[in-house]
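Below is one structure; the comments refer to it alone.
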Amino acid sequence: MRRYSPALFVVFFILVSAGCTRKPGAASALKPTGFGAALVESSGGKQIGATGMVLAQPVVVQVNDEQGTAVTGALVEFSGPVGVNFDPPSGVTDSSGQFSTSVALGGMAGRYQLTARTFTKAQKPVELKIDEIALGYQQQVGFQLDDKYCARCHNPESSAERVSNFDNLAVKPHPFTEGDTLNKMSDADLTAIIGHGGPALNKSALMPPYGYTLSKTEIEALIAYIRLISDPPYHASGMVYAQK
């Protein structure tokens, strides 16, 4: 799971990229000189960002031919749900067969599925789906609480800023992206284990209680964050997802 400093969200709310409001241009004005058979993601998928703001990293895709060789000059078009903006929304691949675009997610918290499209020489479309996550205010509070109290154990990935304690624990905590396990737990279950520790649900006592550390509102924010980053996605009655 990609992780970013809470300070990044402050920057996102202060700086708005002028390019995020750019409207899609006419694809017909672009003159492709190459055609591929496959479209693959190079980088930029599964990012976590703030609603309405530009993602920290551009989304980069690569067009390949039938032999897996990068194709130069192939047309690539991006599209997404209402509210998503691309800069640029379309273009041709460079000498490495890649095309890059900056993405601003919509104003609603949720998962956004982007579509990258290229065309074969016979003009048959080839598509690639890329998922991104937009945090609203409540989920951003949960993100910051996770970074402060939870990530050192629940995120197995270490970074220079935060060294994970995951490998030192006899009972491995569930990463917050582990939807196969956490999606089966109700909000009441998560509230109990966060507030009263692992023994509240007959889990490991290595999970300490945070009921005297976090307020009810903060626990709700943490759960909202966990639900949104779950993989596979958490589907609950009344939960809203970004649509085209």
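Chain lettering (A, B, ...) mirrors the order of the structure tokens, residue numbering begins at 1 for each chain separately, and ligand numbering begins at 1 in order of display.
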Practice prompt. Using only C-alpha atoms, determine which residues lie at most 9 Å from Ile219 (chain A), disregarding the query and same-chain residues fewer than 6 positions distant; provide the list as a VMD selection string.
Written response: chain A and resid 142 145 190 to 191 194 to 195 210 to 211
Include all heavy atoms and write out the residues we just selected as an mmCIF file, in the first residue's frame.
data_model
loop_
_atom_site.group_PDB
_atom_site.id
_atom_site.type_symbol
_atom_site.label_atom_id
_atom_site.label_comp_id
_atom_site.auth_asym_id
_atom_site.auth_seq_id
_atom_site.Cartn_x
_atom_site.Cartn_y
_atom_site.Cartn_z
ATOM 1 N N GLY A 142 -8.718 9.805 9.480
ATOM 2 C CA GLY A 142 -8.386 8.415 9.741
ATOM 3 C C GLY A 142 -7.003 8.058 9.244
ATOM 4 O O GLY A 142 -6.261 7.317 9.910
ATOM 5 N N LEU A 145 -4.519 9.358 11.733
ATOM 6 C CA LEU A 145 -4.520 8.544 12.952
ATOM 7 C C LEU A 145 -3.809 7.211 12.707
ATOM 8 O O LEU A 145 -3.055 6.726 13.556
ATOM 9 C CB LEU A 145 -5.959 8.301 13.416
ATOM 10 C CG LEU A 145 -6.709 9.532 13.918
ATOM 11 C CD1 LEU A 145 -8.187 9.209 14.106
ATOM 12 C CD2 LEU A 145 -6.107 10.042 15.227
ATOM 13 N N LEU A 190 -14.987 -3.612 14.724
ATOM 14 C CA LEU A 190 -13.791 -2.790 14.617
ATOM 15 C C LEU A 190 -13.737 -1.761 15.745
ATOM 16 O O LEU A 190 -12.659 -1.485 16.295
ATOM 17 C CB LEU A 190 -13.743 -2.084 13.254
ATOM 18 C CG LEU A 190 -13.527 -2.995 12.045
ATOM 19 C CD1 LEU A 190 -13.551 -2.174 10.753
ATOM 20 C CD2 LEU A 190 -12.208 -3.750 12.154
ATOM 21 N N THR A 191 -14.869 -1.208 16.088
ATOM 22 C CA THR A 191 -14.927 -0.251 17.205
ATOM 23 C C THR A 191 -14.487 -0.919 18.504
ATOM 24 O O THR A 191 -13.720 -0.339 19.293
ATOM 25 C CB THR A 191 -16.352 0.305 17.375
ATOM 26 O OG1 THR A 191 -16.720 1.016 16.186
ATOM 27 C CG2 THR A 191 -16.437 1.258 18.561
ATOM 28 N N ILE A 194 -10.614 -1.739 18.399
ATOM 29 C CA ILE A 194 -9.809 -0.517 18.493
ATOM 30 C C ILE A 194 -9.901 0.068 19.905
ATOM 31 O O ILE A 194 -8.896 0.462 20.498
ATOM 32 C CB ILE A 194 -10.263 0.534 17.463
ATOM 33 C CG1 ILE A 194 -9.966 0.047 16.034
ATOM 34 C CG2 ILE A 194 -9.555 1.875 17.702
ATOM 35 C CD1 ILE A 194 -10.587 0.898 14.948
ATOM 36 N N GLY A 195 -11.101 0.095 20.447
ATOM 37 C CA GLY A 195 -11.301 0.701 21.761
ATOM 38 C C GLY A 195 -10.810 -0.139 22.917
ATOM 39 O O GLY A 195 -10.269 0.403 23.894
ATOM 40 N N TYR A 210 -7.227 1.423 22.549
ATOM 41 C CA TYR A 210 -7.058 2.850 22.281
ATOM 42 C C TYR A 210 -8.286 3.659 22.694
ATOM 43 O O TYR A 210 -8.434 4.815 22.306
ATOM 44 C CB TYR A 210 -6.769 3.076 20.788
ATOM 45 C CG TYR A 210 -5.358 2.733 20.399
ATOM 46 C CD1 TYR A 210 -5.042 1.457 19.935
ATOM 47 C CD2 TYR A 210 -4.328 3.670 20.505
ATOM 48 C CE1 TYR A 210 -3.740 1.126 19.582
ATOM 49 C CE2 TYR A 210 -3.023 3.348 20.158
ATOM 50 C CZ TYR A 210 -2.739 2.075 19.694
ATOM 51 O OH TYR A 210 -1.447 1.752 19.354
ATOM 52 N N GLY A 211 -9.143 3.041 23.491
ATOM 53 C CA GLY A 211 -10.362 3.712 23.906
ATOM 54 C C GLY A 211 -10.142 4.961 24.744
ATOM 55 O O GLY A 211 -10.987 5.860 24.753
#
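Using only C-alpha atoms, the protein and nucleic acid residues lying no more than 10 Å from region 169-184 of chain A, apart from those fewer than 6 places from it along its own chain, are Met1, Asp146, Cys150, Ala151, Cys153, His154, Asn155, Pro156, Glu157, Leu190, Lys203, Ser204, Ala205, Leu206, Met207, Ile223, Tyr225, Ile226, Arg227, Leu228, Ile229, Ser230, Asp231, Pro232, Pro233, Tyr234, His235 and Ala236 of chain A.
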With N, CA and C atoms kept, could you save the residues just selected as a CSV table (one decimal), in the first residue's frame?
chain,number,residue,atom,x,y,z
A,1,MET,N,0.8,-1.2,0.0
A,1,MET,CA,0.0,0.0,0.0
A,1,MET,C,0.9,1.2,0.0
A,146,ASP,N,-4.0,6.6,11.5
A,146,ASP,CA,-3.4,5.4,11.2
A,146,ASP,C,-1.9,5.6,11.2
A,150,CYS,N,-1.2,3.4,14.2
A,150,CYS,CA,-1.4,2.0,13.7
A,150,CYS,C,-0.4,1.5,12.7
A,151,ALA,N,0.1,2.3,11.9
A,151,ALA,CA,0.9,1.9,10.7
A,151,ALA,C,2.2,1.1,11.1
A,153,CYS,N,2.6,-1.1,13.1
A,153,CYS,CA,2.4,-2.6,13.2
A,153,CYS,C,1.5,-3.1,12.1
A,154,HIS,N,0.5,-2.4,11.6
A,154,HIS,CA,-0.4,-2.9,10.6
A,154,HIS,C,0.1,-2.8,9.2
A,155,ASN,N,1.1,-2.0,9.0
A,155,ASN,CA,1.7,-1.9,7.6
A,155,ASN,C,3.0,-2.6,7.6
A,156,PRO,N,3.2,-3.7,6.9
A,156,PRO,CA,4.4,-4.5,6.9
A,156,PRO,C,5.6,-3.8,6.2
A,157,GLU,N,5.3,-2.7,5.4
A,157,GLU,CA,6.3,-2.0,4.6
A,157,GLU,C,7.0,-1.0,5.5
A,190,LEU,N,-15.0,-3.6,14.7
A,190,LEU,CA,-13.8,-2.8,14.6
A,190,LEU,C,-13.7,-1.8,15.7
A,203,LYS,N,-9.0,-11.9,20.1
A,203,LYS,CA,-7.8,-11.8,19.2
A,203,LYS,C,-6.5,-11.6,20.1
A,204,SER,N,-5.4,-11.4,19.5
A,204,SER,CA,-4.1,-11.2,20.2
A,204,SER,C,-4.1,-10.1,21.2
A,205,ALA,N,-3.6,-10.3,22.4
A,205,ALA,CA,-3.4,-9.3,23.4
A,205,ALA,C,-2.3,-8.3,23.0
A,206,LEU,N,-1.6,-8.6,21.9
A,206,LEU,CA,-0.6,-7.6,21.4
A,206,LEU,C,-1.2,-6.4,20.8
A,207,MET,N,-2.5,-6.5,20.5
A,207,MET,CA,-3.3,-5.3,20.0
A,207,MET,C,-3.8,-4.5,21.2
A,223,ILE,N,-12.1,4.0,11.1
A,223,ILE,CA,-12.8,2.9,10.5
A,223,ILE,C,-13.2,3.3,9.0
A,225,TYR,N,-11.6,5.2,7.1
A,225,TYR,CA,-10.3,5.1,6.3
A,225,TYR,C,-10.1,3.6,6.0
A,226,ILE,N,-10.2,2.7,6.9
A,226,ILE,CA,-10.0,1.3,6.7
A,226,ILE,C,-10.9,0.8,5.7
A,227,ARG,N,-12.2,1.2,5.7
A,227,ARG,CA,-13.2,0.7,4.8
A,227,ARG,C,-12.8,1.1,3.3
A,228,LEU,N,-12.3,2.3,3.2
A,228,LEU,CA,-12.1,2.9,1.9
A,228,LEU,C,-10.9,2.3,1.2
A,229,ILE,N,-9.8,1.9,2.0
A,229,ILE,CA,-8.6,1.4,1.3
A,229,ILE,C,-8.6,-0.1,1.2
A,230,SER,N,-9.7,-0.8,1.7
A,230,SER,CA,-9.8,-2.2,1.7
A,230,SER,C,-9.6,-2.8,0.3
A,231,ASP,N,-8.9,-3.9,0.2
A,231,ASP,CA,-8.7,-4.6,-1.1
A,231,ASP,C,-8.8,-6.1,-0.8
A,232,PRO,N,-9.9,-6.7,-1.4
A,232,PRO,CA,-10.9,-6.2,-2.3
A,232,PRO,C,-11.7,-5.1,-1.6
A,233,PRO,N,-12.4,-4.3,-2.4
A,233,PRO,CA,-13.2,-3.2,-1.8
A,233,PRO,C,-14.3,-3.6,-0.9
A,234,TYR,N,-14.5,-2.8,0.1
A,234,TYR,CA,-15.6,-3.1,1.1
A,234,TYR,C,-16.9,-2.5,0.5
A,235,HIS,N,-17.9,-3.4,0.5
A,235,HIS,CA,-19.2,-3.0,0.0
A,235,HIS,C,-20.2,-3.0,1.1
A,236,ALA,N,-20.7,-1.9,1.5
A,236,ALA,CA,-21.7,-1.8,2.6
A,236,ALA,C,-23.0,-1.1,2.1
| Test item: residues at most 12 Å from region 105-112 of chain A, only C-alpha atoms, excluding those fewer than 5 positions along its chain, as a PyMOL selection string | chain A and resi 12+16-17+20-21+45-56+79-87+129-140+224-235+239-244
**Request:** Using backbone DSSP assignments, extract all alpha helix (DSSP H) residues from region 22-233 of chain A; output them as number ranges by chain.
**Result:** A: 137-145, 151-154, 179-182, 187-196, 216-229
